[in-house]
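Chemist: This one is input.csv, CSV, C-alpha atoms.
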```csv
chain,number,residue,atom,x,y,z
G,22,MET,CA,-26.2,23.1,27.0
G,23,PRO,CA,-26.3,19.8,29.0
G,24,MET,CA,-26.1,16.6,27.1
G,25,LEU,CA,-29.6,14.9,27.5
G,26,LEU,CA,-30.3,12.5,24.6
G,27,LEU,CA,-27.0,10.6,24.1
G,28,PRO,CA,-26.6,9.3,27.7
G,29,ARG,CA,-29.9,7.4,27.3
G,30,LEU,CA,-28.4,5.6,24.3
G,31,LEU,CA,-24.8,5.2,25.6
G,32,LYS,CA,-25.4,4.1,29.2
G,33,GLY,CA,-26.9,0.8,28.0
G,34,PHE,CA,-24.7,0.5,24.9
G,35,VAL,CA,-21.1,0.8,26.2
G,36,ARG,CA,-20.7,-2.4,28.3
G,37,GLN,CA,-17.0,-3.0,27.5
G,38,GLY,CA,-14.3,-0.4,27.0
G,39,ARG,CA,-14.8,3.3,27.8
G,40,LEU,CA,-16.1,6.2,25.8
G,41,THR,CA,-15.5,9.7,27.2
G,42,VAL,CA,-17.3,12.6,25.5
G,43,ILE,CA,-16.2,16.2,26.0
G,44,THR,CA,-19.0,18.6,25.2
G,45,PRO,CA,-18.5,22.2,23.9
G,46,ASP,CA,-18.9,23.5,27.5
G,47,GLY,CA,-15.8,21.4,28.5
G,48,LYS,CA,-17.8,18.8,30.6
G,49,ARG,CA,-16.7,15.2,30.5
G,50,HIS,CA,-19.3,12.4,30.2
G,51,VAL,CA,-17.9,8.9,30.8
G,52,PHE,CA,-19.6,5.7,29.6
G,53,GLY,CA,-18.3,2.1,30.2
G,54,PRO,CA,-16.1,0.4,32.8
G,55,GLY,CA,-12.7,0.7,31.0
G,56,PRO,CA,-10.6,-1.2,28.4
G,57,ALA,CA,-11.2,-4.9,28.4
G,58,GLU,CA,-10.2,-7.9,26.4
G,59,MET,CA,-13.1,-9.9,25.0
G,60,LEU,CA,-13.6,-12.9,22.7
G,61,PHE,CA,-15.7,-11.7,19.7
G,62,ALA,CA,-16.5,-13.8,16.7
G,63,GLY,CA,-13.6,-16.2,17.6
G,64,VAL,CA,-11.1,-13.4,17.8
G,65,ARG,CA,-9.6,-11.8,20.9
G,66,LYS,CA,-10.2,-8.1,20.8
G,67,THR,CA,-9.6,-5.2,23.2
G,68,ALA,CA,-12.5,-2.9,23.8
G,69,PRO,CA,-10.5,0.4,23.8
G,70,SER,CA,-10.8,3.6,25.8
G,71,VAL,CA,-11.6,6.5,23.5
G,72,THR,CA,-12.1,10.2,24.3
G,73,VAL,CA,-13.9,12.4,21.7
G,74,ARG,CA,-14.5,16.1,21.7
G,75,PHE,CA,-17.7,17.6,20.3
G,76,HIS,CA,-17.2,21.1,18.8
G,77,ASP,CA,-20.9,22.0,18.6
G,78,ASN,CA,-24.1,21.1,20.4
G,79,ARG,CA,-25.9,19.8,17.3
G,80,ILE,CA,-23.7,16.7,17.3
G,81,GLU,CA,-25.5,15.0,20.2
G,82,ARG,CA,-29.0,15.2,18.6
G,83,GLU,CA,-27.6,14.0,15.2
G,84,LEU,CA,-25.8,11.1,16.8
G,85,PHE,CA,-28.9,10.0,18.7
G,86,LEU,CA,-31.1,10.0,15.5
G,87,ASN,CA,-28.5,8.6,13.0
G,88,PRO,CA,-25.4,7.4,14.7
G,89,GLU,CA,-23.4,6.0,11.7
G,90,LEU,CA,-24.0,9.0,9.4
G,91,ALA,CA,-23.6,11.6,12.1
G,92,LEU,CA,-20.4,10.1,13.4
G,93,ALA,CA,-19.0,10.0,9.8
G,94,GLU,CA,-20.0,13.5,8.9
G,95,GLY,CA,-19.0,14.9,12.2
G,96,TYR,CA,-15.5,13.4,11.8
G,97,MET,CA,-15.3,14.5,8.1
G,98,ASP,CA,-16.3,18.1,9.0
G,99,GLY,CA,-13.9,18.3,12.0
G,100,ARG,CA,-16.8,18.7,14.4
G,101,ILE,CA,-15.7,15.6,16.2
G,102,ASP,CA,-12.1,15.1,17.1
G,103,PHE,CA,-10.1,12.8,19.3
G,104,GLU,CA,-8.1,13.4,22.5
G,105,GLU,CA,-7.5,9.7,23.2
G,106,GLY,CA,-7.6,7.0,20.5
G,107,THR,CA,-8.6,7.3,16.8
G,108,ILE,CA,-11.6,6.9,14.6
G,109,HIS,CA,-10.5,3.2,14.2
G,110,ASP,CA,-10.6,2.8,17.9
G,111,LEU,CA,-14.1,4.4,18.2
G,112,LEU,CA,-15.5,2.2,15.4
G,113,THR,CA,-14.0,-0.9,17.0
G,114,LEU,CA,-15.7,0.1,20.3
G,115,PHE,CA,-19.0,0.5,18.5
G,116,TRP,CA,-18.7,-2.7,16.4
G,117,LEU,CA,-17.9,-4.8,19.5
G,118,GLN,CA,-21.2,-3.8,21.0
G,119,ARG,CA,-23.4,-2.8,18.1
G,120,LYS,CA,-26.0,-5.4,19.1
G,121,GLU,CA,-26.7,-3.4,22.2
G,122,LEU,CA,-27.1,-0.2,20.1
G,123,ARG,CA,-29.6,-2.0,17.9
G,124,LYS,CA,-31.8,-2.9,20.9
G,125,HIS,CA,-32.7,0.8,21.4
G,126,PRO,CA,-36.4,1.3,20.4
G,127,LEU,CA,-35.6,4.3,18.2
G,128,GLN,CA,-32.8,2.5,16.4
G,129,LYS,CA,-35.1,-0.5,15.8
G,130,VAL,CA,-37.7,1.8,14.1
G,131,ILE,CA,-35.0,3.5,12.0
G,132,ARG,CA,-33.6,0.1,10.8
G,133,GLN,CA,-37.1,-1.1,9.9
G,134,VAL,CA,-37.7,1.9,7.8
G,135,ARG,CA,-34.4,1.6,6.0
G,136,PHE,CA,-35.1,-2.0,5.2
G,137,ARG,CA,-38.5,-1.2,3.7
G,138,ILE,CA,-37.1,1.4,1.4
G,139,ARG,CA,-34.0,-0.5,0.4
G,140,ARG,CA,-35.3,-1.5,-3.1
G,141,TRP,CA,-36.0,2.1,-3.9
G,142,ARG,CA,-32.5,3.1,-2.8
G,143,MET,CA,-31.1,0.2,-4.9
G,144,HIS,CA,-33.0,1.0,-8.1
G,145,ASN,CA,-30.3,0.8,-10.7
G,146,PRO,CA,-31.8,0.9,-14.2
G,147,LEU,CA,-29.7,1.4,-17.3
G,148,GLY,CA,-28.1,4.9,-17.3
G,149,LEU,CA,-28.6,5.6,-13.6
G,150,ALA,CA,-26.5,2.5,-12.6
G,151,GLY,CA,-23.6,3.9,-14.5
G,152,LYS,CA,-23.9,7.3,-12.9
G,153,LYS,CA,-23.9,5.7,-9.4
G,154,VAL,CA,-20.8,3.6,-10.2
G,155,LYS,CA,-18.9,6.7,-11.5
G,156,HIS,CA,-19.5,8.4,-8.2
G,157,HIS,CA,-16.8,6.0,-6.7
G,158,TYR,CA,-14.6,5.1,-9.7
G,159,ASP,CA,-14.2,8.4,-11.5
G,160,ILE,CA,-12.2,9.7,-8.7
G,161,PRO,CA,-8.7,10.5,-10.2
G,162,THR,CA,-6.7,7.4,-10.9
G,163,ASP,CA,-3.7,9.1,-9.3
G,164,PHE,CA,-5.5,9.0,-5.9
G,165,TYR,CA,-6.0,5.2,-6.1
G,166,ARG,CA,-2.4,4.8,-7.3
G,167,LEU,CA,-1.2,6.3,-4.0
G,168,TRP,CA,-2.2,3.3,-1.9
G,169,LEU,CA,-3.2,0.4,-4.1
G,170,ASP,CA,-0.5,-2.1,-5.1
G,171,GLU,CA,1.2,-1.9,-8.6
G,172,SER,CA,-1.5,-4.1,-10.2
G,173,MET,CA,-4.1,-1.4,-9.3
G,174,THR,CA,-6.4,-4.3,-8.2
G,175,TYR,CA,-9.2,-2.8,-6.1
G,176,SER,CA,-10.9,-5.9,-4.8
G,177,CYS,CA,-10.3,-8.5,-2.1
G,178,ALA,CA,-6.9,-10.3,-2.3
G,179,TYR,CA,-6.5,-14.1,-1.7
G,180,TRP,CA,-4.2,-14.6,1.4
G,181,HIS,CA,-2.6,-17.9,2.2
G,182,SER,CA,-1.6,-16.2,5.4
G,183,PRO,CA,-1.7,-12.5,6.6
G,184,ASP,CA,2.0,-12.1,6.2
G,185,VAL,CA,2.5,-12.9,2.5
G,186,GLY,CA,2.1,-9.2,1.4
G,187,LEU,CA,-0.5,-7.4,-0.6
G,188,GLU,CA,1.2,-7.8,-4.0
G,189,ASN,CA,1.5,-11.6,-3.6
G,190,ALA,CA,-2.0,-11.9,-2.3
G,191,GLN,CA,-3.4,-10.0,-5.2
G,192,LYS,CA,-1.5,-12.2,-7.7
G,193,ALA,CA,-2.7,-15.3,-5.9
G,194,LYS,CA,-6.3,-14.0,-6.4
G,195,LEU,CA,-5.8,-13.7,-10.1
G,196,ARG,CA,-4.2,-17.1,-10.3
G,197,HIS,CA,-7.0,-18.6,-8.3
G,198,ILE,CA,-9.7,-17.2,-10.5
G,199,ALA,CA,-7.9,-18.3,-13.7
G,200,ALA,CA,-7.5,-21.8,-12.3
G,201,LYS,CA,-11.2,-22.0,-11.3
G,202,LEU,CA,-12.3,-20.9,-14.8
G,203,LYS,CA,-10.1,-23.5,-16.5
G,204,ILE,CA,-9.3,-21.1,-19.4
G,205,GLU,CA,-7.6,-22.4,-22.5
G,206,PRO,CA,-5.8,-20.4,-25.2
G,207,GLY,CA,-8.1,-18.6,-27.6
G,208,MET,CA,-11.1,-18.7,-25.3
G,209,ARG,CA,-13.4,-15.7,-25.4
G,210,VAL,CA,-13.6,-14.2,-21.8
G,211,LEU,CA,-15.9,-11.5,-20.6
G,212,ASP,CA,-14.8,-9.5,-17.6
G,213,ILE,CA,-17.8,-7.6,-16.2
G,214,GLY,CA,-16.7,-4.6,-14.3
G,215,SER,CA,-13.1,-4.8,-15.3
G,216,GLY,CA,-11.7,-2.0,-13.2
G,217,TRP,CA,-8.1,-1.0,-14.2
G,218,GLY,CA,-7.8,-4.1,-16.2
G,219,GLU,CA,-5.4,-6.3,-14.2
G,220,LEU,CA,-7.5,-9.4,-14.3
G,221,ALA,CA,-8.1,-9.0,-18.1
G,222,ILE,CA,-4.4,-8.5,-18.7
G,223,TYR,CA,-3.5,-11.5,-16.5
G,224,LEU,CA,-6.0,-13.8,-18.3
G,225,ALA,CA,-4.6,-12.7,-21.7
G,226,LYS,CA,-0.9,-13.2,-20.7
G,227,ALA,CA,-1.2,-16.3,-18.5
G,228,CYS,CA,-3.9,-18.2,-20.3
G,229,GLY,CA,-3.8,-16.8,-23.9
G,230,ALA,CA,-7.5,-15.7,-23.7
G,231,LYS,CA,-9.2,-13.1,-25.8
G,232,VAL,CA,-10.7,-10.8,-23.2
G,233,THR,CA,-13.5,-8.2,-23.4
G,234,GLY,CA,-13.6,-5.9,-20.3
G,235,LEU,CA,-16.9,-4.1,-19.5
G,236,ASN,CA,-16.7,-0.9,-17.6
G,237,VAL,CA,-19.1,2.0,-17.2
G,238,SER,CA,-16.4,4.3,-15.9
G,239,PRO,CA,-14.7,6.0,-18.9
G,240,ASP,CA,-11.7,7.2,-16.8
G,241,GLN,CA,-11.1,3.7,-15.5
G,242,MET,CA,-11.5,2.2,-19.0
G,243,ALA,CA,-9.1,4.6,-20.6
G,244,ALA,CA,-6.5,3.8,-17.9
G,245,ALA,CA,-7.1,0.1,-18.3
G,246,ALA,CA,-6.5,0.3,-22.1
G,247,ARG,CA,-3.2,2.1,-21.5
G,248,ARG,CA,-2.1,-0.6,-19.0
G,249,ALA,CA,-3.0,-3.4,-21.5
G,250,GLU,CA,-0.9,-1.8,-24.2
G,251,ALA,CA,2.0,-1.3,-21.8
G,252,ALA,CA,1.7,-5.0,-20.8
G,253,GLY,CA,1.9,-6.1,-24.5
G,254,VAL,CA,-1.6,-7.5,-24.7
G,255,GLY,CA,-3.4,-4.6,-26.3
G,256,ASP,CA,-4.4,-6.9,-29.3
G,257,ALA,CA,-5.9,-9.5,-26.9
G,258,VAL,CA,-7.8,-7.3,-24.6
G,259,THR,CA,-10.7,-4.9,-25.5
G,260,PHE,CA,-12.4,-2.6,-23.1
G,261,VAL,CA,-16.0,-1.6,-23.8
G,262,ASN,CA,-17.8,1.3,-22.1
G,263,LYS,CA,-21.2,-0.5,-21.7
G,264,ASP,CA,-23.6,-1.7,-19.0
G,265,TYR,CA,-23.7,-5.5,-18.8
G,266,ARG,CA,-27.3,-5.4,-19.9
G,267,GLU,CA,-26.3,-3.8,-23.2
G,268,LEU,CA,-23.9,-6.5,-24.4
G,269,THR,CA,-24.7,-9.2,-27.0
G,270,GLY,CA,-22.8,-12.3,-28.2
G,271,THR,CA,-21.5,-15.3,-26.3
G,272,PHE,CA,-18.4,-16.1,-24.3
G,273,ASP,CA,-16.6,-19.2,-23.2
G,274,ARG,CA,-16.0,-17.8,-19.8
G,275,ILE,CA,-17.5,-14.9,-17.8
G,276,VAL,CA,-15.9,-13.4,-14.7
G,277,SER,CA,-17.4,-10.7,-12.5
G,278,VAL,CA,-15.3,-9.4,-9.6
G,279,GLY,CA,-16.6,-6.8,-7.2
G,280,MET,CA,-19.4,-5.8,-9.6
G,281,MET,CA,-22.5,-7.6,-8.2
G,282,GLU,CA,-22.4,-5.3,-5.2
G,283,HIS,CA,-23.6,-2.5,-7.6
G,284,VAL,CA,-26.4,-4.4,-9.2
G,285,GLY,CA,-29.1,-4.0,-6.5
G,286,VAL,CA,-31.6,-6.6,-5.2
G,287,ALA,CA,-34.3,-5.8,-7.7
G,288,HIS,CA,-31.9,-6.4,-10.6
G,289,TYR,CA,-30.4,-9.8,-9.5
G,290,GLY,CA,-32.7,-11.6,-12.0
G,291,GLU,CA,-31.5,-9.4,-14.8
G,292,TYR,CA,-27.9,-9.9,-13.8
G,293,PHE,CA,-27.9,-13.7,-13.6
G,294,GLU,CA,-30.1,-14.0,-16.7
G,295,GLY,CA,-27.6,-11.8,-18.5
G,296,ILE,CA,-24.7,-14.1,-17.5
G,297,ARG,CA,-26.7,-17.2,-18.6
G,298,ASP,CA,-27.5,-15.6,-22.0
G,299,LEU,CA,-23.9,-14.6,-22.7
G,300,LEU,CA,-22.5,-18.0,-21.9
G,301,THR,CA,-21.8,-20.7,-24.5
G,302,PRO,CA,-23.5,-24.1,-23.9
G,303,ASP,CA,-20.4,-25.4,-22.1
G,304,GLY,CA,-19.3,-22.1,-20.6
G,305,ILE,CA,-18.4,-21.3,-17.0
G,306,ALA,CA,-19.0,-18.1,-15.0
G,307,LEU,CA,-17.4,-16.9,-11.8
G,308,VAL,CA,-19.0,-14.3,-9.6
G,309,HIS,CA,-16.9,-12.8,-6.8
G,310,CYS,CA,-18.9,-10.6,-4.5
G,311,ILE,CA,-19.0,-9.2,-0.9
G,312,GLY,CA,-21.8,-10.9,1.0
G,313,ARG,CA,-23.3,-10.9,4.4
G,314,ALA,CA,-23.5,-13.9,6.7
G,315,GLY,CA,-26.9,-13.0,8.1
G,316,PRO,CA,-30.3,-12.4,6.6
G,317,PRO,CA,-31.1,-9.7,4.0
G,318,GLY,CA,-30.4,-6.2,5.2
G,319,PHE,CA,-29.6,-2.8,3.8
G,320,THR,CA,-26.7,-0.5,3.0
G,321,GLY,CA,-25.7,1.8,5.9
G,322,PRO,CA,-26.4,5.5,5.4
G,323,PHE,CA,-22.8,6.6,5.2
G,324,PHE,CA,-21.9,4.1,2.5
G,325,GLU,CA,-25.1,4.8,0.6
G,326,LYS,CA,-24.5,8.6,0.6
G,327,TYR,CA,-20.7,8.9,0.2
G,328,ILE,CA,-19.2,5.6,-1.0
G,329,PHE,CA,-21.4,3.3,-3.0
G,330,PRO,CA,-24.7,4.9,-3.9
G,331,GLY,CA,-27.2,2.1,-4.9
G,332,GLY,CA,-24.7,-0.6,-3.7
G,333,TYR,CA,-25.5,-3.5,-1.4
G,334,ALA,CA,-23.7,-6.7,-0.2
G,335,PRO,CA,-26.3,-9.4,-0.5
G,336,ALA,CA,-27.3,-12.2,1.8
G,337,LEU,CA,-26.7,-15.6,0.3
G,338,SER,CA,-30.4,-16.4,0.4
G,339,GLU,CA,-30.9,-13.5,-2.0
G,340,VAL,CA,-28.2,-14.7,-4.3
G,341,PHE,CA,-29.3,-18.3,-4.6
G,342,ALA,CA,-33.0,-17.3,-4.9
G,343,ALA,CA,-32.0,-15.3,-8.0
G,344,VAL,CA,-29.8,-18.0,-9.5
G,345,GLU,CA,-32.5,-20.6,-9.1
G,346,GLN,CA,-34.8,-18.7,-11.5
G,347,THR,CA,-32.2,-18.8,-14.4
G,348,GLY,CA,-31.7,-22.5,-14.8
G,349,LEU,CA,-27.9,-22.1,-14.2
G,350,TRP,CA,-26.1,-24.7,-12.1
G,351,SER,CA,-24.4,-23.5,-8.9
G,352,SER,CA,-21.4,-25.7,-9.3
G,353,ASP,CA,-19.2,-24.4,-6.5
G,354,CYS,CA,-19.3,-21.7,-3.8
G,355,GLU,CA,-16.2,-20.7,-1.8
G,356,PHE,CA,-16.2,-18.3,1.2
G,357,TRP,CA,-13.4,-16.0,2.0
G,358,ARG,CA,-13.9,-15.0,5.6
G,359,ARG,CA,-11.0,-12.9,6.8
G,360,HIS,CA,-9.3,-12.2,3.4
G,361,TYR,CA,-10.9,-8.8,2.9
G,362,HIS,CA,-9.9,-7.7,6.4
G,363,TRP,CA,-6.3,-8.3,5.7
G,364,THR,CA,-6.7,-6.6,2.3
G,365,LEU,CA,-8.3,-3.5,3.9
G,366,GLU,CA,-5.7,-3.4,6.6
G,367,ALA,CA,-2.9,-3.3,3.9
G,368,TRP,CA,-4.8,-0.6,2.1
G,369,ARG,CA,-5.4,1.4,5.3
G,370,GLU,CA,-1.7,1.2,6.2
G,371,ARG,CA,-0.7,2.4,2.8
G,372,PHE,CA,-3.4,5.1,2.8
G,373,MET,CA,-2.3,6.5,6.1
G,374,ALA,CA,1.4,6.5,5.0
G,375,ARG,CA,0.4,8.8,2.1
G,376,ARG,CA,-2.3,10.7,3.9
G,377,GLU,CA,-0.6,14.1,3.5
G,378,GLU,CA,-0.5,13.6,-0.3
G,379,VAL,CA,-4.2,12.6,-0.3
G,380,VAL,CA,-5.0,15.8,1.5
G,381,GLY,CA,-3.0,17.8,-1.0
G,382,MET,CA,-4.7,16.1,-3.9
G,383,MET,CA,-8.3,15.8,-2.6
G,384,GLY,CA,-8.6,17.9,0.6
G,385,GLU,CA,-8.9,17.1,4.3
G,386,ARG,CA,-12.6,16.3,4.3
G,387,PHE,CA,-12.1,13.7,1.6
G,388,ALA,CA,-9.2,12.2,3.4
G,389,ARG,CA,-11.2,11.8,6.6
G,390,MET,CA,-14.1,10.3,4.6
G,391,TRP,CA,-11.8,7.6,3.1
G,392,GLU,CA,-10.2,7.0,6.5
G,393,PHE,CA,-13.6,6.4,8.0
G,394,TYR,CA,-14.5,4.1,5.0
G,395,LEU,CA,-11.4,2.0,5.2
G,396,CYS,CA,-11.6,1.7,9.0
G,397,ALA,CA,-15.3,0.7,9.0
G,398,CYS,CA,-14.9,-1.9,6.3
G,399,SER,CA,-11.8,-3.4,7.8
G,400,ILE,CA,-13.5,-3.8,11.2
G,401,SER,CA,-16.7,-5.3,9.6
G,402,PHE,CA,-14.7,-8.0,7.8
G,403,ASP,CA,-12.7,-8.7,11.0
G,404,ILE,CA,-15.4,-8.9,13.6
G,405,GLY,CA,-18.6,-8.2,11.7
G,406,GLY,CA,-20.8,-10.2,9.4
G,407,ASP,CA,-19.2,-9.4,6.1
G,408,MET,CA,-17.3,-11.9,3.9
G,409,VAL,CA,-16.6,-12.6,0.2
G,410,PHE,CA,-18.0,-15.5,-1.8
G,411,GLN,CA,-17.0,-16.9,-5.1
G,412,LEU,CA,-19.7,-18.7,-7.0
G,413,LEU,CA,-19.1,-20.9,-10.0
G,414,LEU,CA,-22.0,-21.2,-12.4
G,415,GLY,CA,-22.6,-23.2,-15.6
G,416,PRO,CA,-25.5,-24.0,-18.0
G,417,HIS,CA,-25.4,-27.7,-16.9
G,418,LYS,CA,-24.1,-29.9,-14.1
G,419,SER,CA,-21.0,-31.0,-16.0
G,420,ALA,CA,-19.7,-27.6,-17.1
G,421,VAL,CA,-17.4,-27.5,-14.1
G,422,PRO,CA,-15.1,-30.4,-13.2
G,423,ILE,CA,-16.8,-32.8,-10.8
G,424,ILE,CA,-14.2,-32.4,-8.0
G,425,ARG,CA,-12.2,-29.3,-6.9
G,426,ASP,CA,-8.7,-30.8,-7.2
G,427,TYR,CA,-8.2,-29.3,-10.6
G,428,ILE,CA,-8.1,-25.8,-9.1
G,429,ALA,CA,-5.0,-26.5,-7.0
G,430,ASP,CA,-3.4,-28.3,-9.9
G,431,ASP,CA,-4.0,-25.5,-12.3
G,432,GLU,CA,-2.8,-22.9,-9.8
G,433,LYS,CA,0.5,-24.8,-9.4
G,434,ALA,CA,0.9,-25.0,-13.2
G,435,LEU,CA,0.3,-21.2,-13.6
G,436,ALA,CA,2.8,-20.5,-10.8
G,437,ALA,CA,5.4,-22.7,-12.4
G,438,LYS,CA,5.1,-20.6,-15.5
G,439,GLY,CA,5.7,-17.5,-13.5
G,440,PHE,CA,2.1,-16.3,-13.4
```
Is it possible to express this structure as C-alpha cells?
Modeler:
Amino acid sequence: MPMLLLPRLLKGFVRQGRLTVITPDGKRHVFGPGPAEMLFAGVRKTAPSVTVRFHDNRIERELFLNPELALAEGYMDGRIDFEEGTIHDLLTLFWLQRKELRKHPLQKVIRQVRFRIRRWRMHNPLGLAGKKVKHHYDIPTDFYRLWLDESMTYSCAYWHSPDVGLENAQKAKLRHIAAKLKIEPGMRVLDIGSGWGELAIYLAKACGAKVTGLNVSPDQMAAAARRAEAAGVGDAVTFVNKDYRELTGTFDRIVSVGMMEHVGVAHYGEYFEGIRDLLTPDGIALVHCIGRAGPPGFTGPFFEKYIFPGGYAPALSEVFAAVEQTGLWSSDCEFWRRHYHWTLEAWRERFMARREEVVGMMGERFARMWEFYLCACSISFDIGGDMVFQLLLGPHKSAVPIIRDYIADDEKALAAKGF
C-alpha cells in the first residue's frame, strides 16, 4: 500500500536533517536535505539523519492523526524500528522542528481539543489522585534502584557544572533546599510527596529537624521508612500515607519537591491554601516543580497515558495566579534551566547500561517505554520549553530573609559539616 498521508505532513516538516521511512513493501521515502548543524535555543545542535522501518501499514495513519502517541506506541510494540540512528535521534529531529509540525491544520485542531479538555484530564480529587500517582511510583523499587543514584532521589539535581556527577549534584540539591528553608534544630518540617525519603533523612541528619513525610504510595513509603531507620534517624522522621489535603496541624517549614506536577490546574487553589493553612505564622514553604516557559498548555498524550496520568507542568502564570488568591508572599523564585537535562542524561546513561536487567525484570515493551520517556524529557529540558522553578513562600513579607546571601552562607556551613 503506498504511503499517502504522512508525506503531506513530513514534506513541510523536515526542513533540517533527514528522515528516511521504509514502508512494509520495502520502499524508501526520504524527507529533508540531510544532517545539518543549527543554533537552537542558544545551543548548537545537529539535526541528524534517521532511518526508520514500519512493520505494518497502520502506522502511517496513526502517526498522521496522533504523532507523539503513535510514535511511542509503535516503538514500544516493535512496529517501528531503526536502521540508522536511535529513538533519541528521531525525537531530536522532531523537537528541532516541532513548530513546523504544529502549523499543520489537523495538528492545530487536535491541540485545541486537548487544551479544552485538559481540566477534565487533570481532575485529581481525593482518592483518584492517589491512584494516578501510584501508576508511576508503585513500580518495584528494585527497578528504580537499577539506575538512580544511591540516594534514590528521583527529581532534578542541582548542577554547578555538568561534570560534577549525579551523586554530587543530588547532594547539592538537598543542601540548597535546606539552606533556603533556614531550618533550625527541633523545627517541625513537612515533606509533601517525600519519595524514598532522602530529603527527609537529610533534613533530620543535617539540620536536626523533626520531619513528617507525606506519600500516597505505600510501597515507596515503606521503603523510605526502612531507609530512615538504616540512616539512624527513624525516631526523627515519620512517613504518613495520606493526601496533602487530609493532613492537619502546623509546621515550621514545608517542602514539596516534584509533587505539584501531580496536583492538576483545577486543584492549585487547594494546594496553596493547604500549604498556607499548615504553616506556622513565621513559617517558610519551598515548592520545587517542573514548569513551562510558555503559556498554559496540556500534557502530551504519551505522558498522560503511560507516565503521569493527571500530571501537568504548569505555566508560571498559572502558578502565581493561584498563589495570589491565598495571601501567601512569593518571597523568591529561582529557575533551573538546564539542570534537569543533565539529570535526565545521567539517568538515561545509567538506564541504558542496565537495560538488559530492565528487560529481564519488566519486559521489552516496558524498557522501550522508559527509554522513550527518558529521551523525550531530556530533549525537552535541553532544547524545549521545560525548566524547573523553586518558589519560596511565607505568610508575610519578612518570613524569608530580605536578601539571598544567606542561602550561599548556609550552604557553605552545611558543606563544612560534611552534609
Chemist: For Gly318 in chain G, which residue out of G:Ser182, G:Ser419, G:Gln133, G:Thr364 is the nearest one, using all atoms listed in the file?
Modeler: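 The closest residue to Gly318 in chain G is G:Gln133.
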Chemist: With all atoms listed in the file as the counted atoms, please give the residues lying no more than 10 Å from Phe402 in chain G, apart from itself and same-chain residues fewer than 3 positions off, as a list in words.
Modeler: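 The residues that qualify are Ile311, Arg313, Trp357, Arg358, Arg359, His360, Tyr361, His362, Trp363, Thr364, Leu365, Ala397, Cys398, Ser399, Gly405, Gly406, Asp407, Met408 and Val409 of chain G.
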Chemist: With distances taken over all atoms listed in the file, which residue among G:Val340, G:Ala244, G:Ala257, G:Leu307 lies nearest Lys203 in chain G?
Modeler: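 Counting all atoms listed in the file, the residue closest to Lys203 in chain G is G:Leu307.
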Chemist: As an exercise, work out the distance from CA of Cys310 in chain G to CA of Val379 in chain G in Å and give it to one decimal place.
Modeler: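 Calculated distance between CA of Cys310 in chain G and CA of Val379 in chain G is 27.8 Å.
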Chemist: Pick out the closest residue to Ser172 in chain G from this set: G:His109, G:Arg248, G:Lys231, G:Arg386. Count all atoms listed in the file.
Modeler: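 Closest candidate: G:Arg248.
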Chemist: Could you check how far CA of Ala178 in chain G sits from CA of Lys194 in chain G, in Å to one decimal?
Modeler: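 Computed distance, CA of Ala178 in chain G to CA of Lys194 in chain G, equals 5.6 Å.
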Chemist: Could you tell me how far CA of Asp303 in chain G lies from CA of Phe341 in chain G, in Å and to one decimal?
Modeler: 20.9 Å
Chemist: Can you pull out every residue within 7 Å of range 83-99 of chain G, counting all atoms listed in the file, but drop anything in the same chain fewer than 6 positions away, and send it as a PyMOL selection string?
Modeler: chain G and resi 26-27+322-323+386+389-390+393
Chemist: Of the candidates G:Thr271, G:Gln411, G:Thr67, G:Gln118, which one gets nearest to His197 in chain G if we count only C-alpha atoms?
Modeler: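 Distance minimum relative to His197 in chain G lands on G:Gln411.
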Chemist: Pick out the closest residue to Met383 in chain G from this set: G:Ala190, G:Gly106, G:Arg39, G:Asp163. Count only C-alpha atoms.
Modeler: G:Asp163
Chemist: Contacts of Gly234 in chain G at 8 Å or less, counting only C-alpha atoms, minus same-chain residues fewer than 6 places along, as a PDB file with C-alpha atoms, keeping the file's coordinate frame?
Modeler:
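Full text of selection-v4.pdb as output:
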```
ATOM      1  CA  LEU G 211     -15.900 -11.500 -20.600  1.00  0.00           C
ATOM      2  CA  ASP G 212     -14.800  -9.500 -17.600  1.00  0.00           C
ATOM      3  CA  ILE G 213     -17.800  -7.600 -16.200  1.00  0.00           C
ATOM      4  CA  GLY G 214     -16.700  -4.600 -14.300  1.00  0.00           C
ATOM      5  CA  SER G 215     -13.100  -4.800 -15.300  1.00  0.00           C
ATOM      6  CA  GLY G 218      -7.800  -4.100 -16.200  1.00  0.00           C
ATOM      7  CA  ALA G 221      -8.100  -9.000 -18.100  1.00  0.00           C
ATOM      8  CA  VAL G 258      -7.800  -7.300 -24.600  1.00  0.00           C
ATOM      9  CA  THR G 259     -10.700  -4.900 -25.500  1.00  0.00           C
ATOM     10  CA  PHE G 260     -12.400  -2.600 -23.100  1.00  0.00           C
ATOM     11  CA  VAL G 261     -16.000  -1.600 -23.800  1.00  0.00           C
TER      12      VAL G 261
END
```
Chemist: Would you please work out which residue, of G:Gly415, G:Leu224, G:Leu195, G:Met382, is nearest to Ile296 in chain G when using only C-alpha atoms?
Modeler: G:Gly415
Chemist: Extract range 247-266 of chain G from the coordinates I pasted, and write it as an mmCIF file, in the first residue's frame (atoms kept: C-alpha atoms).
Modeler:
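The new file result_23.cif reads:
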```
data_model
loop_
_atom_site.group_PDB
_atom_site.id
_atom_site.type_symbol
_atom_site.label_atom_id
_atom_site.label_comp_id
_atom_site.auth_asym_id
_atom_site.auth_seq_id
_atom_site.Cartn_x
_atom_site.Cartn_y
_atom_site.Cartn_z
ATOM 1 C CA ARG G 247 13.425 1.385 56.103
ATOM 2 C CA ARG G 248 15.967 3.835 54.703
ATOM 3 C CA ALA G 249 15.370 6.282 57.578
ATOM 4 C CA GLU G 250 15.913 3.520 60.133
ATOM 5 C CA ALA G 251 19.111 2.436 58.388
ATOM 6 C CA ALA G 252 20.330 6.043 58.411
ATOM 7 C CA GLY G 253 19.777 6.280 62.159
ATOM 8 C CA VAL G 254 17.007 8.888 62.058
ATOM 9 C CA GLY G 255 13.984 6.628 62.409
ATOM 10 C CA ASP G 256 12.947 8.495 65.570
ATOM 11 C CA ALA G 257 13.144 11.897 63.829
ATOM 12 C CA VAL G 258 11.360 11.025 60.587
ATOM 13 C CA THR G 259 7.767 9.810 60.273
ATOM 14 C CA PHE G 260 6.169 8.797 56.985
ATOM 15 C CA VAL G 261 2.399 9.138 56.647
ATOM 16 C CA ASN G 262 0.286 7.546 53.904
ATOM 17 C CA LYS G 263 -2.043 10.500 53.243
ATOM 18 C CA ASP G 264 -3.000 13.033 50.604
ATOM 19 C CA TYR G 265 -1.833 16.569 51.425
ATOM 20 C CA ARG G 266 -5.484 17.609 51.730
#
```
